[in-house]
Every structure is written in structure tokens, then in C-alpha cells.
Amino acid sequence: MSDTQPDQPEPSSTDLPMEAVEEVLREQYGLSGQVFPIEGRQNPYFLIDNGHMRYLLKIAPADAPLEEIEAEHALMRHILREPDGPHVPEPVATKDGADTIVLPLGGEDRRIRLLTFIEGTSPPADEKLSEQAVAGFGSIAATLARNLEGFEHPVLDREPENDLRKAGPQTVSLLSTVTDQEIRDVIAKAMVTMLRRIQPLAPDLRTAAAHQSLDADAVVGDLADGSWLPTGVTDFTGISRGWLVAGLANTCAYLLSNQEGDPFALLPAIRAYHDIHPLTSVEFEALWPLVVARTGLLAAKAENRRAQLPDDRQAQEEAEKRRMLLDRATEISPALMFAAILDGAGLTKPLPDIGRLLPGIDPDSIRLVDLSVTSPLLYGGNWTDPENDWKLLARIAWETGRGSTRYGEYRLSKTTDDPQREPENFSLHIDACVPAGTAAVAPFAGTLRSTGPRLVFTGRDLTLHIEGLDCIAAEDTELEAGDPLGQVAGAENSVGGLRLRFCRDPDLVPPLFCVADKAGTWSKLCPSPSALLGFDADAPAPKHRGQPVRGWKEYLFDAAGRTRFDLAENAPLIGHGHPQIAVAAYRQLLVLDAALSGPSEAEQLLTQRLRELAPEGLEAVLVLPGYREALDHALKLARSHTGKNDIVHLNGPLPEMAGDAAILGTGSIQDATAALEDGGKAGLLISGFPDSVDSLSEAIDALARNEGLLIAEETRTGWGRLGHHAWGFEARNLSPDIVIAGLSGGTIGVLFTRENIAAESEALPRINPVACATAAAILDVCEEEALRENARLVGDHLRSAFEELATRSPAIRSIRGMGLCLVLEFADDEAASAIHDGLAQRSIFTTWHGHAELLIAPPLCFSRESADLLVARLETLLSES
């Protein structure tokens, strides 16, 4: 029984006088200190605190089995001699050197012993252990088993209460009193199924000393960073000789209960155990069946108790809990759990010898199709066509009639529109195109279990599932490797399609795909069928799997096909991955990719296109090789035109400037007005989403009185992003003298200004023709796909949804903006930062510049469905906070 101290010691229920206990300590051990009785024990226990150390005084009847006490002391001392052992109590000898003494106490003879007290607490009741704590149980179990390797004592030969070698007979005995036939059948079936798996493995399971009952009652721990972690062992009654892996299985059964039946939550404990005290492959295979057997045994015990105490509510609740745990444990395929355990331990079970399925096909003639997230064959959203993967495979196979997809590939075609939905896109199969009529043979010895549309061929350690094969043998036919199996279905002189997949579990129909987080597990259960084709048809593991590698509209995809929303202000204006942009860049690269002596044709076409979009009164268009260059040039134009020095900047952040432009940043409109009244200012630069024209009127008047220029920075608010207006200054009813707007991801900088101001411009640098061609394509897409209208419609819908949400969430102070440039103002910087981070954790990227405002600026192609999903995620975050 665990020797832990209650938080608040209670008055003793024994009749032992405290003075007698103090006298024993003084006379027999030479100790003194405060004495606290510990309640809840069958025999009197006392906690002794002398200010330097704490001890536990145990008092038992004089006729208590001495050999049990001596064995416990021997175990403690053996573990204490090990340098890496867990914390355990240490027996304290009397002044005469005795481990125990018998004294008259409280009117009868008592056996007394003293142990050092192990500091710590039991695991928190009714709380799930952290992953670190789960691993801690595995570490302690493994360390104990390793420490006990050199320990020999008759106590090890005692029969443990939790001996899983006798789980079957114990279950039968316990169920004999259970009258509910349905429950009996469920438990009995689970036990029989697991014992059938364990029985052939039993001769190879190691027998060794281990703790067979390492659970919450046997350990103590400490809080570390707010999480309880096991550190010591206080109960040794479960240590005995038995199957080594059974000790870990019993601990895992306790952890399964703590983790509410989640089998995969046990993996940290198993991995930690194996790192310290390696298990054999047979022990790994037996582990999960033993865990289920222990879970079934506990369910039988609970049902037995409920049968004996039918009116006991606690007994009923315990039985229902144990039944739920058994149901969850039996839902998962043992083979899948074995694969998960191997994956968690970093191990792989070797495959048997596998011959070629299609010996008449030269492996070197088979071409592979790339369907991964970064495939150049995927463009323009063609992967959203359900038949696209087959179409691309057929195209690849067209020349030779032989092609194949790749195993272990994260398919972009299987991704989702919802960033919080994990896509099942890791391919566990291969699709192959080969000439119809191609002969197929058995790749290993086995039995045909099914010959329907999906042929199932089971060998000793592996089952093959084939679709697209006309089988020539009957069901239950046993074949040797190389025996005829059938031929590829299809009309003569056509190309047939095969779907191939392996599974180590003969009773499981393997899935075609799995989620990324379970790829390691499923790939061990359903290994690659590449060997059937005679060459490596496995996709390489992607590097930097968590980083975005592809974009499409408002979506970003990482190398594993997980989706993110790109709603930050740096997202491309028309969205990611538009095929027209790629075509424009490609065509330009074919003819000219660098400007020579004068403006390229691409630059001239872009300039003409921009003149068509120029704001009224700003006929001059200047194109520069980058946004920062355009900003710097605009400021130089303003100084040249006015003969003054500084520019007053209002609203929003600006990037680092090139050149030596002088910028006077201001914190408010009042500050800007005061600076402009001070004179000597070349102009007022306004960026970010608009303040109302009324609030700007005094600053504008001050600017006019000092003959300065009004400069509007429109990268964020221009190009139709506001929906209702082409430019942000139009929403303010302003008339700027210069407009700056970055285009094509900032690779193009555009200035719109009056002719007389542009006349003072110096010679401009040449622009990269490819950048000009792609910028012009962006403008074309905006017009052809009516993206400004989309920004108006979706933006209005999104703002209305935000406003409705704000009525229910006081955290949102206000909403500014229009179209697809919306600002959510929160109570403070901390609240805005928390929402920004919370959305990012849900794979939704927004912009936060360190103020109480969150900017939502998705591409102009942003869909209404994505807008609704954004609002739903934001609502969830606000409710949680």
C-alpha cells in the first residue's frame, strides 16, 4: 500500500497513546520530533517530522508475516543501491541494528519498523495525466525491471494478484456469478480473442522480476511546471517473477483507464519503457493483447462485484466504466495497435520475401506520376476534380501503357477546405496502369480468400488486396509463389488499371488513405506494395512538413497537405496559384526576362494598362522595380515639388525605406495637424485603413495652408479591395496629389500623380519584364473574374457577421473598414494578440501590428464559405476566452 501523507493529517483513530509512540522513537531509534497519525490504514501509521527528515513508523500485529516485511526491505535496499533507481523508502535500523522489533504497545505486542518517508503525492484523482506523466510511468516501470535483474529472493516466486498468465481462468471464475448473459459474452469474447493472440507468443515471452501492479496506488510524484510527474515507488507487493511485458501491460491498463480509453495515449509510456529496458519484437506483439486482457479481467471483477452488490451505486458505476474501457479497447484492430507501438518505438517488422506480381512487365518501363502537394502536374485547382488523379496517371502511362502512382504520398487531391479538418491524404496503396491481359502470379505462398472485385490473397504474414484483376482461381485455393493468379482486366489492346495494397491484419480491409499523424502507424500495418512492381514506387518523405509549400486562392498547403487560411495583408491580391500568372511569367521568360536598353514591351503594356486604371486627375503613371523604390521616389518627388524637407506620416506601419527620405511619424491626427501647422513639411502621407474625412479635415486644411502635397499609400486599400471603391482615398472623399500602390507582391511599385509633379522625376530604372507581365496579368484577372464585386459582396457579408458577433461578445469594441479590408478593434493589445495567436493555432493567418487591432485582409477571391468558417472559428475563440 502506498505510504503517502494526506494533505492534512487527521486525528488518530487508534488507542495508542502518543507518548508511547514518542518513547519508542526515543528509546529504540534515538529520534524525536512531531508525530502525526495517518488515518485510513488497517494498522497504525505515524508520520515523524524532526525538522530535518521525515519518517514513517509502521505498527503491525506481532504475528504479521515477517518474511513479507524482510522481502520488502530487501527490495528497497536493492533498488537503493542502483544509481538510476526510482525514489523508494529506506528501512531505518534501531540503535541495536534491528530492522524490526516487537514491543508491547497499547496493551498487546506489536511489530514495529521505521522507514524514511518519500516526499510526494499520489496522482490527482479524476484528472487525466499529462503525456509527460504517462511517459514517467513507463520510465519507472522499465527502471524497476532493469534494477531487479540481479535480485534474487524467494519473494519473487509468490503468485502475483495480477498474473496475466492466468487471466483466462480468473475471468471464467469471476463471470460465474454474473447473470447478464450479454455482458458475460462481451467480456468472454474479448478475453478469448486476446488469449488466442497471446498463446502462440507465450513461449518466447521473457520471464523476469517486475512490478505487476505499478499504478496510482504504488507511486508518488511531484508537480513540475504545473503537471504531476511520478518520481517514486512506495508499494512493493506487486513485485514478482512473471512475464516481463505483463508488468508493462498492467501499468498500461491503468493508464488506459486514466486516459479515458484512448489506446494511442499509452504510446509515450511504451516508448519510454523501451528506451530504458528494450522489449523484444515478440513482447511488442503481445503487449496490446495483454493490455486488453487486463482490461477484460478488470471488467469481469467489476461485474462480479456488481452481481454481489446489486444495490451499490458505486459498484454499478465502476462496472459501467470498465465496460466502456473494454469496448474502446476492442474497437481498435490489434494489428493496428501493434503497428502504432512499433512506430512509437521507432521499429519496423521486416516484410517477408515478395515476388513480382506482373513478371511480364519490365519495371524500368513503368513511369511514376507525381500527385504530391508540390507536383507540377497540379495547377489551377485541377486536383479538386475527383477523377484528376486517374486522368494524370493515364496521361503519364499514355506513351508506354505503363504507369504508377506512388505509395506514401501526401495527395493534394485529398486535402480539405477546413484548416481544422485533418485530411486523410497519405496514400497507403498504389494504382498502376498496365496493358490489359497482362498475366499476374502469386507473389508469395498463400490462400485466395476472396475473388470478387477486390481479390484478397492471404499469406503467412501479409495479405494482398487487388482490384482490377480477373482471377482464374477459385476461393480458398492455396497457391505457391509464382503460381498463376489471373490477368489484368480490360478490353484487348487497352490499358487496364490495378489498385494494390498490403495489410498485416488478414481480417482488416485496409484504407486507401490515412491522416498524416497516423502515417507512421498505418504504413507499418499497410506497408508499401512497391515490391510487387519490382522497383521503388515510394514517395520521398517531404522536408519541412509543417511549412507552407503551395498556395491556391486563400489557401496555403504544407507538404503534408494540411490547409491554412492566408488572410494576412501580404497575401497576393488575387489569391495564390492563379494559372494566368504562371502562364504570363512563362511566356515572358521564353522571350525576355531582363530589361535591356529601354522599356520592354511588357513594361510598356503594363504602363498602358495602369493608365486605364489611374484615378481621376492623376494621369501620370510611374512604374518602379519594387514597392520600397516607389515609396522612396514619391517622397523625393514631394520634396522636389515643394522645396520642403519632412513628410508627416499618419496611420499604419510603413516598411523600411530606401534612400534618405525623412519621415515624421505621428501618433494621432492632432499630432499630425500640429506638425503640419509648424511649416516646412513637404506633405502628408496617409496609409492604412481610412479615418473619416471629418477627422482629417483640420490636417488637410493645415497641409493646404502650407502648400504641401497629400500622398496616399494604397497597397492595402487599393486595387478594388474595398469593394465599394477602387481606392481607399475615394472612401474618404480625398483628392491626393500622389498615390503609391505596390503590386505583384511588392515586386512592382506604382505611382499615380499629376503631370506637373511627374515632370520633376529623375530617370527611372528599368523594370524586370517578367514582373511587368505578371503584374499586368493580375490586373486582367481582377477585371475578368469581377474580383472587386466579389470583395464587395463577401466583404459586406463578413462585416455583417462580425457586427452580429460583436453584439454577443464585448471583447470586440468596434469594426472598421469595408470590402475585404476589415479591422477588428479589441479591448486591448493583449486581447488582440490572443485572438491573433488563437487563430494562427487554428491555421488561420491574420495581421496584428502590436495594437488592439486585428486586420483581416484576404485575397479578393475570398469565398463566402471561407468567410463563414472564419467567423465560426473566431466565435469559438471568443467563447473560450
# chains A, B, ... in the order shown; residues from 1 in each chain; ligands from 1

$ select_by_dssp --residues "stretch 52-92 of chain A" --states "strand (DSSP E or B)" --output "short mmCIF file (atom, residue, chain, number, x, y, z; two decimals) with N, CA and C atoms, in the first residue's frame"
data_model
loop_
_atom_site.label_atom_id
_atom_site.label_comp_id
_atom_site.auth_asym_id
_atom_site.auth_seq_id
_atom_site.Cartn_x
_atom_site.Cartn_y
_atom_site.Cartn_z
N ARG A 54 11.87 13.31 7.40
CA ARG A 54 10.59 12.76 7.82
C ARG A 54 10.64 11.24 7.69
N TYR A 55 9.95 10.59 8.59
CA TYR A 55 9.97 9.13 8.65
C TYR A 55 8.54 8.62 8.74
N LEU A 56 8.40 7.33 8.46
CA LEU A 56 7.12 6.66 8.56
C LEU A 56 7.28 5.49 9.53
N LEU A 57 6.55 5.55 10.64
CA LEU A 57 6.57 4.48 11.63
C LEU A 57 5.38 3.57 11.37
N LYS A 58 5.66 2.29 11.08
CA LYS A 58 4.61 1.32 10.79
C LYS A 58 4.48 0.36 11.97
N ILE A 59 3.26 0.17 12.43
CA ILE A 59 2.98 -0.72 13.56
C ILE A 59 2.01 -1.79 13.11
N ALA A 60 2.40 -3.06 13.26
CA ALA A 60 1.59 -4.18 12.82
C ALA A 60 1.48 -5.19 13.96
N PRO A 61 0.54 -6.13 13.86
CA PRO A 61 0.48 -7.19 14.88
C PRO A 61 1.80 -7.96 14.94
N HIS A 87 12.94 6.79 -6.56
CA HIS A 87 12.94 7.05 -5.12
C HIS A 87 12.11 5.97 -4.43
N PRO A 91 14.71 1.37 4.84
CA PRO A 91 14.49 0.90 6.22
C PRO A 91 15.51 1.54 7.16
N VAL A 92 15.04 1.96 8.34
CA VAL A 92 15.90 2.58 9.35
C VAL A 92 16.06 1.57 10.50
#

$ residues_around --residues "stretch 541-544 of chain A" --least-positions-apart "4" --cutoff "8 Å" --atoms "only C-alpha atoms" --output "ChimeraX atom specification"
/A:408-409,559-560

$ write_last_selection --atoms "N, CA, C and O atoms" --output "compact mmCIF listing (two decimals), in the first residue's frame"
# COMPACT_ATOMS: atom_id res chain seq x y z
N GLY A 408 2.80 6.22 -50.09
CA GLY A 408 3.32 7.12 -49.06
C GLY A 408 3.36 8.57 -49.49
O GLY A 408 4.15 9.36 -48.97
N GLU A 409 2.49 8.95 -50.43
CA GLU A 409 2.45 10.30 -50.96
C GLU A 409 1.31 11.07 -50.32
O GLU A 409 0.21 10.54 -50.16
N ALA A 559 3.55 20.60 -46.83
CA ALA A 559 3.97 19.46 -47.64
C ALA A 559 3.15 18.21 -47.36
O ALA A 559 3.14 17.27 -48.16
N ALA A 560 2.47 18.17 -46.20
CA ALA A 560 1.60 17.04 -45.89
C ALA A 560 0.16 17.30 -46.29
O ALA A 560 -0.73 16.51 -45.96

$ atom_distance --atom1 "atom CA of A:Gly746" --atom2 "atom CA of A:Ile815"
27.5 Å

$ closest_residue --among "A:Leu336, A:Ala489, A:Val21, A:Ala638" --to "A:Gln34" --atoms "only C-alpha atoms"
A:Val21

$ atom_distance --atom1 "atom CA of A:Thr400" --atom2 "atom CA of A:Ser365"
7.2 Å

$ select_by_dssp --residues "stretch 793-869 of chain A" --states "helix (DSSP H, G or I)" --output "PyMOL selection string"
chain A and resi 793-808+829-841+864-869

$ write_last_selection --atoms "N, CA, C and O atoms" --output "CSV table (one decimal), in the first residue's frame"
chain,number,residue,atom,x,y,z
A,793,LEU,N,-19.3,42.0,-52.2
A,793,LEU,CA,-20.4,41.0,-51.7
A,793,LEU,C,-19.9,40.3,-50.5
A,793,LEU,O,-20.6,40.2,-49.5
A,794,VAL,N,-18.7,39.6,-50.6
A,794,VAL,CA,-18.2,38.8,-49.5
A,794,VAL,C,-17.8,39.7,-48.3
A,794,VAL,O,-18.1,39.4,-47.1
A,795,GLY,N,-17.3,40.9,-48.6
A,795,GLY,CA,-16.9,41.8,-47.6
A,795,GLY,C,-18.1,42.3,-46.8
A,795,GLY,O,-18.0,42.4,-45.5
A,796,ASP,N,-19.2,42.6,-47.5
A,796,ASP,CA,-20.4,43.1,-46.8
A,796,ASP,C,-20.9,42.0,-45.9
A,796,ASP,O,-21.4,42.2,-44.7
A,797,HIS,N,-20.9,40.7,-46.4
A,797,HIS,CA,-21.4,39.6,-45.7
A,797,HIS,C,-20.5,39.4,-44.4
A,797,HIS,O,-21.0,39.1,-43.3
A,798,LEU,N,-19.2,39.5,-44.6
A,798,LEU,CA,-18.3,39.2,-43.5
A,798,LEU,C,-18.4,40.3,-42.4
A,798,LEU,O,-18.5,40.0,-41.2
A,799,ARG,N,-18.6,41.6,-42.9
A,799,ARG,CA,-18.7,42.7,-41.9
A,799,ARG,C,-20.0,42.5,-41.1
A,799,ARG,O,-20.0,42.7,-39.9
A,800,SER,N,-21.1,42.1,-41.8
A,800,SER,CA,-22.4,41.9,-41.1
A,800,SER,C,-22.2,40.8,-40.0
A,800,SER,O,-22.7,40.9,-38.9
A,801,ALA,N,-21.5,39.7,-40.4
A,801,ALA,CA,-21.3,38.6,-39.5
A,801,ALA,C,-20.5,39.1,-38.3
A,801,ALA,O,-20.8,38.7,-37.1
A,802,PHE,N,-19.4,39.9,-38.5
A,802,PHE,CA,-18.6,40.4,-37.4
A,802,PHE,C,-19.4,41.3,-36.5
A,802,PHE,O,-19.3,41.2,-35.3
A,803,GLU,N,-20.3,42.2,-37.1
A,803,GLU,CA,-21.1,43.1,-36.3
A,803,GLU,C,-22.1,42.3,-35.4
A,803,GLU,O,-22.3,42.6,-34.3
A,804,GLU,N,-22.7,41.2,-36.0
A,804,GLU,CA,-23.6,40.4,-35.2
A,804,GLU,C,-22.8,39.7,-34.1
A,804,GLU,O,-23.3,39.6,-33.0
A,805,LEU,N,-21.6,39.3,-34.4
A,805,LEU,CA,-20.8,38.6,-33.3
A,805,LEU,C,-20.4,39.6,-32.2
A,805,LEU,O,-20.4,39.2,-31.1
A,806,ALA,N,-20.2,40.8,-32.6
A,806,ALA,CA,-19.8,41.8,-31.6
A,806,ALA,C,-20.9,42.1,-30.7
A,806,ALA,O,-20.6,42.5,-29.5
A,807,THR,N,-22.2,42.0,-31.1
A,807,THR,CA,-23.3,42.2,-30.2
A,807,THR,C,-23.3,41.2,-29.1
A,807,THR,O,-23.9,41.4,-28.0
A,808,ARG,N,-22.7,40.0,-29.3
A,808,ARG,CA,-22.7,38.9,-28.3
A,808,ARG,C,-21.3,38.8,-27.6
A,808,ARG,O,-21.2,38.0,-26.7
A,829,ASP,N,-4.3,45.5,-26.3
A,829,ASP,CA,-3.3,44.8,-27.2
A,829,ASP,C,-3.3,43.3,-26.8
A,829,ASP,O,-3.2,42.4,-27.7
A,830,GLU,N,-3.4,43.0,-25.6
A,830,GLU,CA,-3.3,41.6,-25.1
A,830,GLU,C,-4.4,40.7,-25.7
A,830,GLU,O,-4.2,39.6,-26.2
A,831,ALA,N,-5.6,41.3,-25.7
A,831,ALA,CA,-6.8,40.6,-26.3
A,831,ALA,C,-6.6,40.4,-27.8
A,831,ALA,O,-6.9,39.3,-28.3
A,832,ALA,N,-6.2,41.4,-28.5
A,832,ALA,CA,-6.0,41.3,-29.9
A,832,ALA,C,-4.9,40.2,-30.2
A,832,ALA,O,-5.0,39.4,-31.1
A,833,SER,N,-3.8,40.3,-29.5
A,833,SER,CA,-2.7,39.3,-29.6
A,833,SER,C,-3.2,37.9,-29.4
A,833,SER,O,-2.9,36.9,-30.1
A,834,ALA,N,-4.0,37.7,-28.4
A,834,ALA,CA,-4.5,36.4,-28.0
A,834,ALA,C,-5.4,35.8,-29.1
A,834,ALA,O,-5.3,34.6,-29.5
A,835,ILE,N,-6.3,36.7,-29.7
A,835,ILE,CA,-7.1,36.2,-30.8
A,835,ILE,C,-6.3,35.9,-32.1
A,835,ILE,O,-6.5,34.9,-32.8
A,836,HIS,N,-5.3,36.8,-32.3
A,836,HIS,CA,-4.4,36.5,-33.5
A,836,HIS,C,-3.7,35.2,-33.3
A,836,HIS,O,-3.6,34.4,-34.2
A,837,ASP,N,-3.1,34.9,-32.1
A,837,ASP,CA,-2.4,33.7,-31.9
A,837,ASP,C,-3.4,32.5,-31.9
A,837,ASP,O,-3.0,31.4,-32.4
A,838,GLY,N,-4.6,32.7,-31.4
A,838,GLY,CA,-5.5,31.6,-31.3
A,838,GLY,C,-6.0,31.2,-32.7
A,838,GLY,O,-6.1,30.0,-33.1
A,839,LEU,N,-6.2,32.2,-33.6
A,839,LEU,CA,-6.5,31.9,-35.0
A,839,LEU,C,-5.3,31.2,-35.7
A,839,LEU,O,-5.5,30.3,-36.5
A,840,ALA,N,-4.1,31.6,-35.4
A,840,ALA,CA,-2.9,31.0,-36.0
A,840,ALA,C,-2.8,29.6,-35.6
A,840,ALA,O,-2.4,28.7,-36.4
A,841,GLN,N,-3.1,29.3,-34.3
A,841,GLN,CA,-3.1,27.9,-33.9
A,841,GLN,C,-4.1,27.0,-34.6
A,841,GLN,O,-4.0,25.8,-34.7
A,864,ARG,N,-17.4,33.1,-49.7
A,864,ARG,CA,-18.4,33.3,-48.7
A,864,ARG,C,-18.3,32.1,-47.7
A,864,ARG,O,-18.4,32.3,-46.5
A,865,GLU,N,-18.0,30.9,-48.2
A,865,GLU,CA,-17.9,29.8,-47.3
A,865,GLU,C,-16.7,29.9,-46.4
A,865,GLU,O,-16.8,29.6,-45.2
A,866,SER,N,-15.6,30.4,-46.9
A,866,SER,CA,-14.4,30.6,-46.1
A,866,SER,C,-14.7,31.7,-45.1
A,866,SER,O,-14.2,31.7,-43.9
A,867,ALA,N,-15.4,32.7,-45.5
A,867,ALA,CA,-15.8,33.8,-44.5
A,867,ALA,C,-16.6,33.3,-43.4
A,867,ALA,O,-16.4,33.6,-42.2
A,868,ASP,N,-17.6,32.4,-43.7
A,868,ASP,CA,-18.4,31.8,-42.6
A,868,ASP,C,-17.5,30.9,-41.7
A,868,ASP,O,-17.7,30.9,-40.4
A,869,LEU,N,-16.6,30.2,-42.2
A,869,LEU,CA,-15.7,29.4,-41.4
A,869,LEU,C,-14.8,30.3,-40.5
A,869,LEU,O,-14.6,30.0,-39.3

$ atom_distance --atom1 "atom CA of A:Asp204" --atom2 "atom CA of A:Leu279"
11.7 Å

$ residues_around --residues "stretch 497-502 of chain A" --least-positions-apart "3" --cutoff "6 Å" --atoms "only C-alpha atoms" --output "PDB file with N, CA and C atoms, in the first residue's frame"
ATOM      1  N   HIS A 429      -1.678   2.901 -50.827  1.00  0.00           N
ATOM      2  CA  HIS A 429      -1.863   1.983 -51.935  1.00  0.00           C
ATOM      3  C   HIS A 429      -1.135   2.505 -53.160  1.00  0.00           C
ATOM      4  N   ILE A 430      -1.118   1.693 -54.167  1.00  0.00           N
ATOM      5  CA  ILE A 430      -0.555   2.065 -55.465  1.00  0.00           C
ATOM      6  C   ILE A 430      -1.596   1.766 -56.535  1.00  0.00           C
ATOM      7  N   ASP A 431      -1.803   2.714 -57.456  1.00  0.00           N
ATOM      8  CA  ASP A 431      -2.605   2.478 -58.653  1.00  0.00           C
ATOM      9  C   ASP A 431      -1.650   2.355 -59.825  1.00  0.00           C
ATOM     10  N   ALA A 432      -1.816   1.298 -60.603  1.00  0.00           N
ATOM     11  CA  ALA A 432      -0.916   1.054 -61.727  1.00  0.00           C
ATOM     12  C   ALA A 432      -1.703   0.876 -63.017  1.00  0.00           C
ATOM     13  N   CYS A 433      -1.194   1.448 -64.087  1.00  0.00           N
ATOM     14  CA  CYS A 433      -1.753   1.250 -65.419  1.00  0.00           C
ATOM     15  C   CYS A 433      -0.803   0.340 -66.210  1.00  0.00           C
ATOM     16  N   THR A 463      -1.266  -9.851 -46.194  1.00  0.00           N
ATOM     17  CA  THR A 463      -2.430 -10.038 -47.058  1.00  0.00           C
ATOM     18  C   THR A 463      -2.391  -8.998 -48.161  1.00  0.00           C
ATOM     19  N   LEU A 464      -2.628  -9.462 -49.385  1.00  0.00           N
ATOM     20  CA  LEU A 464      -2.629  -8.603 -50.558  1.00  0.00           C
ATOM     21  C   LEU A 464      -4.063  -8.380 -51.017  1.00  0.00           C
ATOM     22  N   HIS A 465      -4.422  -7.116 -51.240  1.00  0.00           N
ATOM     23  CA  HIS A 465      -5.722  -6.738 -51.779  1.00  0.00           C
ATOM     24  C   HIS A 465      -5.487  -6.163 -53.182  1.00  0.00           C
ATOM     25  N   ILE A 466      -6.187  -6.732 -54.174  1.00  0.00           N
ATOM     26  CA  ILE A 466      -6.027  -6.305 -55.571  1.00  0.00           C
ATOM     27  C   ILE A 466      -7.395  -5.985 -56.148  1.00  0.00           C
ATOM     28  N   GLU A 467      -7.472  -4.860 -56.834  1.00  0.00           N
ATOM     29  CA  GLU A 467      -8.651  -4.523 -57.633  1.00  0.00           C
ATOM     30  C   GLU A 467      -8.208  -4.367 -59.074  1.00  0.00           C
ATOM     31  N   GLY A 468      -9.065  -4.837 -60.006  1.00  0.00           N
ATOM     32  CA  GLY A 468      -8.756  -4.710 -61.427  1.00  0.00           C
ATOM     33  C   GLY A 468      -8.132  -5.949 -62.031  1.00  0.00           C
ATOM     34  N   CYS A 526       0.110  -1.342 -43.072  1.00  0.00           N
ATOM     35  CA  CYS A 526      -0.155  -1.491 -44.507  1.00  0.00           C
ATOM     36  C   CYS A 526       1.090  -1.046 -45.274  1.00  0.00           C
ATOM     37  N   PRO A 527       2.116  -1.887 -45.306  1.00  0.00           N
ATOM     38  CA  PRO A 527       3.386  -1.485 -45.912  1.00  0.00           C
ATOM     39  C   PRO A 527       3.284  -1.313 -47.415  1.00  0.00           C
ATOM     40  N   PRO A 529       3.427  -1.671 -51.300  1.00  0.00           N
ATOM     41  CA  PRO A 529       3.390  -2.789 -52.260  1.00  0.00           C
ATOM     42  C   PRO A 529       4.362  -2.612 -53.422  1.00  0.00           C
TER      43      PRO A 529
END

$ residues_around --residues "A:Ala491" --least-positions-apart "4" --cutoff "8 Å" --atoms "only C-alpha atoms" --output "PyMOL selection string"
chain A and resi 436-437+495

$ decode --residues "stretch 176-190 of chain A" --atoms "N, CA and C atoms" --output "PDB file, in the first residue's frame"
ATOM      1  N   SER A 176     -18.646 -16.350 -13.374  1.00  0.00           N
ATOM      2  CA  SER A 176     -19.578 -17.406 -12.982  1.00  0.00           C
ATOM      3  C   SER A 176     -20.737 -16.877 -12.157  1.00  0.00           C
ATOM      4  N   THR A 177     -20.565 -15.740 -11.509  1.00  0.00           N
ATOM      5  CA  THR A 177     -21.639 -15.161 -10.700  1.00  0.00           C
ATOM      6  C   THR A 177     -22.441 -14.102 -11.449  1.00  0.00           C
ATOM      7  N   VAL A 178     -22.016 -13.784 -12.667  1.00  0.00           N
ATOM      8  CA  VAL A 178     -22.683 -12.733 -13.456  1.00  0.00           C
ATOM      9  C   VAL A 178     -23.827 -13.361 -14.238  1.00  0.00           C
ATOM     10  N   THR A 179     -25.029 -12.865 -14.027  1.00  0.00           N
ATOM     11  CA  THR A 179     -26.215 -13.435 -14.679  1.00  0.00           C
ATOM     12  C   THR A 179     -26.558 -12.771 -16.003  1.00  0.00           C
ATOM     13  N   ASP A 180     -26.018 -11.578 -16.267  1.00  0.00           N
ATOM     14  CA  ASP A 180     -26.303 -10.885 -17.525  1.00  0.00           C
ATOM     15  C   ASP A 180     -25.500 -11.562 -18.639  1.00  0.00           C
ATOM     16  N   GLN A 181     -26.194 -12.345 -19.457  1.00  0.00           N
ATOM     17  CA  GLN A 181     -25.521 -13.143 -20.473  1.00  0.00           C
ATOM     18  C   GLN A 181     -24.819 -12.273 -21.515  1.00  0.00           C
ATOM     19  N   GLU A 182     -25.429 -11.156 -21.861  1.00  0.00           N
ATOM     20  CA  GLU A 182     -24.833 -10.278 -22.874  1.00  0.00           C
ATOM     21  C   GLU A 182     -23.479  -9.758 -22.407  1.00  0.00           C
ATOM     22  N   ILE A 183     -23.432  -9.286 -21.150  1.00  0.00           N
ATOM     23  CA  ILE A 183     -22.177  -8.774 -20.611  1.00  0.00           C
ATOM     24  C   ILE A 183     -21.147  -9.887 -20.505  1.00  0.00           C
ATOM     25  N   ARG A 184     -21.585 -11.043 -20.065  1.00  0.00           N
ATOM     26  CA  ARG A 184     -20.654 -12.170 -19.966  1.00  0.00           C
ATOM     27  C   ARG A 184     -20.051 -12.493 -21.330  1.00  0.00           C
ATOM     28  N   ASP A 185     -20.890 -12.488 -22.352  1.00  0.00           N
ATOM     29  CA  ASP A 185     -20.407 -12.833 -23.685  1.00  0.00           C
ATOM     30  C   ASP A 185     -19.408 -11.805 -24.205  1.00  0.00           C
ATOM     31  N   VAL A 186     -19.692 -10.528 -23.948  1.00  0.00           N
ATOM     32  CA  VAL A 186     -18.791  -9.468 -24.417  1.00  0.00           C
ATOM     33  C   VAL A 186     -17.406  -9.631 -23.793  1.00  0.00           C
ATOM     34  N   ILE A 187     -17.369  -9.811 -22.470  1.00  0.00           N
ATOM     35  CA  ILE A 187     -16.085  -9.938 -21.780  1.00  0.00           C
ATOM     36  C   ILE A 187     -15.381 -11.226 -22.181  1.00  0.00           C
ATOM     37  N   ALA A 188     -16.141 -12.324 -22.233  1.00  0.00           N
ATOM     38  CA  ALA A 188     -15.538 -13.609 -22.590  1.00  0.00           C
ATOM     39  C   ALA A 188     -14.980 -13.589 -24.008  1.00  0.00           C
ATOM     40  N   LYS A 189     -15.713 -12.976 -24.943  1.00  0.00           N
ATOM     41  CA  LYS A 189     -15.253 -12.916 -26.328  1.00  0.00           C
ATOM     42  C   LYS A 189     -13.966 -12.107 -26.433  1.00  0.00           C
ATOM     43  N   ALA A 190     -13.926 -10.972 -25.746  1.00  0.00           N
ATOM     44  CA  ALA A 190     -12.714 -10.152 -25.774  1.00  0.00           C
ATOM     45  C   ALA A 190     -11.528 -10.923 -25.212  1.00  0.00           C
TER      46      ALA A 190
END
